[in-house]
Amino acid sequence: MLNVQQLTISFPDRTLFEQASFQAADGELVAIVSQVLDGGTSLMQALAGMLSGLEGQIILNGVDVLTMGPGERAQSIGYAYEEHGLISLYNVFQNIALPLEFHTNLDVRETETRIVSLLDELGVNHALLTAQPHELNDVQTRMVNLVRAQVMNPSHVLIDELEGGMPDDMIDSVMLALKERKAKTGQTIIMTTSDDHILREADRVLKIHDRQLLEQIE
Amino acid sequence: MENQSPRPEQRQTWSVRGMLSGTLYPFWALFNAVSEIIGLISVALGASRLLFNRKRFQIFCALFFRQLYNTGIKALYPNGAVAILIGALLMARLFQYLPVQVVENQFGYLFMVIVFRELGPLISGVILIARSATAVTSEIGYLRLRREFQVLNGLGISPVFLFLFPVFVSFPVSLLLMFIYFDIVVFLSAYFMIWLADPNAQFVLMLISILDQITMNEIAVNLLKALMGGVLIGVISIYFGAKVESSFGEVSAAISNSTTTQLLVFFVINVLLSLLAYTQ
């Protein structure tokens with residue numbers, strides 16, 4: 001269960017969210033309708049514990065995300081970046097394996113097995129594993145980020161604007177894979193998006209309005 | 001007329017304040033830089049606690065040996081080439097002023113004073129700065145530019161452990177290796193020059209004449225030069241790389257500032273340690 005209470009995200013020049021609150025139940029897929037510069041990415045980074053100087057509380061399974069240690073956070077939250085997000089010194093395999101190397105005791109073979117099975121699940125080409133980040137296009141980068149966000153089997157996955165540049169049939173197949181995975185593991189998925197395909201697949205839709213998160217009722 | 005310009009006292013106050021701040025600013029900037037570099041050293045030392053975890057120790061070993069290979073081993077070629085030239089030049093100059101027999105007799109002492117104490121550390125440090133420290137600064141600068149440290153933090157991975165700590169440990173070790181290698185190659189090159197002048201010159205005798213001169217004091221001073229020089233060169237290269245914020249132009253500025261500062265700091269360390277250790 002993710003419980004966001006009275007969250008305020010402000011920068012020196014503007015306030016993006018002011019005392020915003022929402023909950024996401026276990027196993028729920030929540031879509032947040034996000035437009036350019038409305039603070040969707042900052043909200044996701046705040047939920048992932050990557051922003052400091054926040055007001056309010058982000059409670060994940062009874063623990064405040066902002067007080068979690070790096071290892072505990074990596075075990076609980078996976079974050080898929082909208083763009084970039086890969087370490088340019090490492091190839092795709094090394095990028096995906098990074099959290100496993102640091103936060104688990106898996107050996108090389110177990111790491112490989114887990115990564116390959118995730119690639120199959122999400123429909124990502126194995127040939128990408130040996131590519132360097134600069135060789136990937138935007139869609140491939142997003143997919144690699146998505147695989148890395150899932151690699152620790154976290155209870156919560158935050159996906160920032162998955163759809164950019166992605167054809168509709170690909171969005172549908174990725175959403176199907178994510179929902180299957182969610183059903184299998186009980187994972188909570190929170191996505192910022194402006195894509196109708198993703199909104200249709202969501203269990204619940206929130207929208208950002210006047211520095212608040214409001215329930216969108218169709 | 002009087003109302004149209006600031007009063008003379010006021011003008012004077014402004015100019016004095018301006019002069020004062022202009023004069024003091026470099027000292028303030030230097031103080032800030034030194035404090036931040038000391039902070040980086042303490043952060044790197046703090047990261048060593050992560051080594052108690054077996055998996056992280058393995059990761060550190062891989063990063064350390066990769067850095068050592070790039071910094072210490074690959075530098076042996078330029079270091080060796082410079083050492084050959086220095087050895088040959090040194091002998092050519094000595095033969096110009098001293099008879100061959102005197103050079104042979106005094107070879108151990110001359111080698112110790114000129115090469116082992118001063119040229120070896122200085123030239124090895126300059127090569128380390130030119131080859132590896134600039135590469136580290138640009139690497140860190142580009143990582144900052146692309147917000148990759150933020151990504152690592154998001155993954156719960158310490159960029160200090162991944163980038164700063166391996167450099168912090170491998171630079172002193174690399175520098176020490178480069179000192180040793182430089183001294184060996186200069187000796188071989190110098191011996192070759194002596195042998196050309198006097199084919200009867202004994203290799204073993206020349207070698208022993210050097211080993212006789214090496215005291216624990218000489219070794220300790222060279223170790224200290226490698227340790228202090230390596231740590232400071234590494235930390236300064238990361239410090240300037242981490243200053244990059246948002247533009248590619250900042251990366252080249254960082255490399256330039258980093259190289260200048262490292263050269264200055266490294267020369268000061270060498271001169272101070274030599275003066276302290278070898279002044280009677």
# chains A, B, ... in the order shown; residues from 1 in each chain; ligands from 1
>>> interface_residues(of="chain A", to="chain B", cutoff="10 Å", atoms="only C-alpha atoms", output="JSON, numbers by chain")
{"A": [45, 48, 49, 50, 51, 69, 70, 71, 72, 73, 74, 75, 77, 78, 79, 81, 84, 85, 86, 87, 88, 89, 98, 99, 100, 101, 102, 103, 104, 105, 106, 107, 148, 149]}
>>> residues_around(residues="Gly165 (chain A)", least_positions_apart="4", cutoff="12 Å", atoms="only C-alpha atoms", output="VMD selection string")
chain A and resid 82 to 83 137 to 143 161 169 to 171 195
>>> select_by_dssp(residues="region 155-196 of chain A", states="strand (DSSP E or B)", output="PyMOL selection string")
chain A and resi 156-160+188-193
>>> write_last_selection(atoms="N, CA and C atoms", output="CSV table (one decimal), in the first residue's frame")
chain,number,residue,atom,x,y,z
A,156,HIS,N,6.6,-2.0,-5.8
A,156,HIS,CA,6.0,-0.9,-6.5
A,156,HIS,C,6.9,-0.5,-7.7
A,157,VAL,N,6.3,-0.3,-8.8
A,157,VAL,CA,7.0,0.2,-10.0
A,157,VAL,C,6.5,1.5,-10.5
A,158,LEU,N,7.3,2.5,-10.7
A,158,LEU,CA,6.9,3.8,-11.1
A,158,LEU,C,7.4,4.0,-12.6
A,159,ILE,N,6.5,4.3,-13.5
A,159,ILE,CA,6.9,4.3,-14.9
A,159,ILE,C,6.5,5.7,-15.4
A,160,ASP,N,7.6,6.4,-15.8
A,160,ASP,CA,7.4,7.8,-16.3
A,160,ASP,C,7.2,7.9,-17.8
A,188,THR,N,2.3,-3.2,-7.5
A,188,THR,CA,1.6,-1.9,-7.7
A,188,THR,C,2.3,-1.1,-8.8
A,189,ILE,N,1.6,-0.7,-9.8
A,189,ILE,CA,2.2,0.1,-10.8
A,189,ILE,C,1.6,1.5,-10.9
A,190,ILE,N,2.5,2.5,-10.9
A,190,ILE,CA,2.0,3.9,-11.0
A,190,ILE,C,2.7,4.5,-12.3
A,191,MET,N,1.9,5.0,-13.2
A,191,MET,CA,2.4,5.5,-14.5
A,191,MET,C,1.9,6.9,-14.7
A,192,THR,N,2.8,7.8,-15.1
A,192,THR,CA,2.4,9.0,-15.7
A,192,THR,C,2.2,8.8,-17.2
A,193,THR,N,1.2,9.4,-17.7
A,193,THR,CA,0.9,9.2,-19.1
A,193,THR,C,0.0,10.2,-19.7
>>> closest_residue(among="B:Leu224, B:Met91, B:Ile238, B:Glu245", to="Arg117 (chain B)", atoms="only C-alpha atoms")
B:Leu224
>>> atom_distance(atom1="CA of Asn105 (chain B)", atom2="CA of Pro121 (chain B)")
24.5 Å
>>> residues_around(residues="Glu180 (chain A)", least_positions_apart="2", cutoff="12 Å", atoms="only C-alpha atoms", output="ChimeraX atom specification")
/A:27,29,121-122,173-178,182-187,189,201
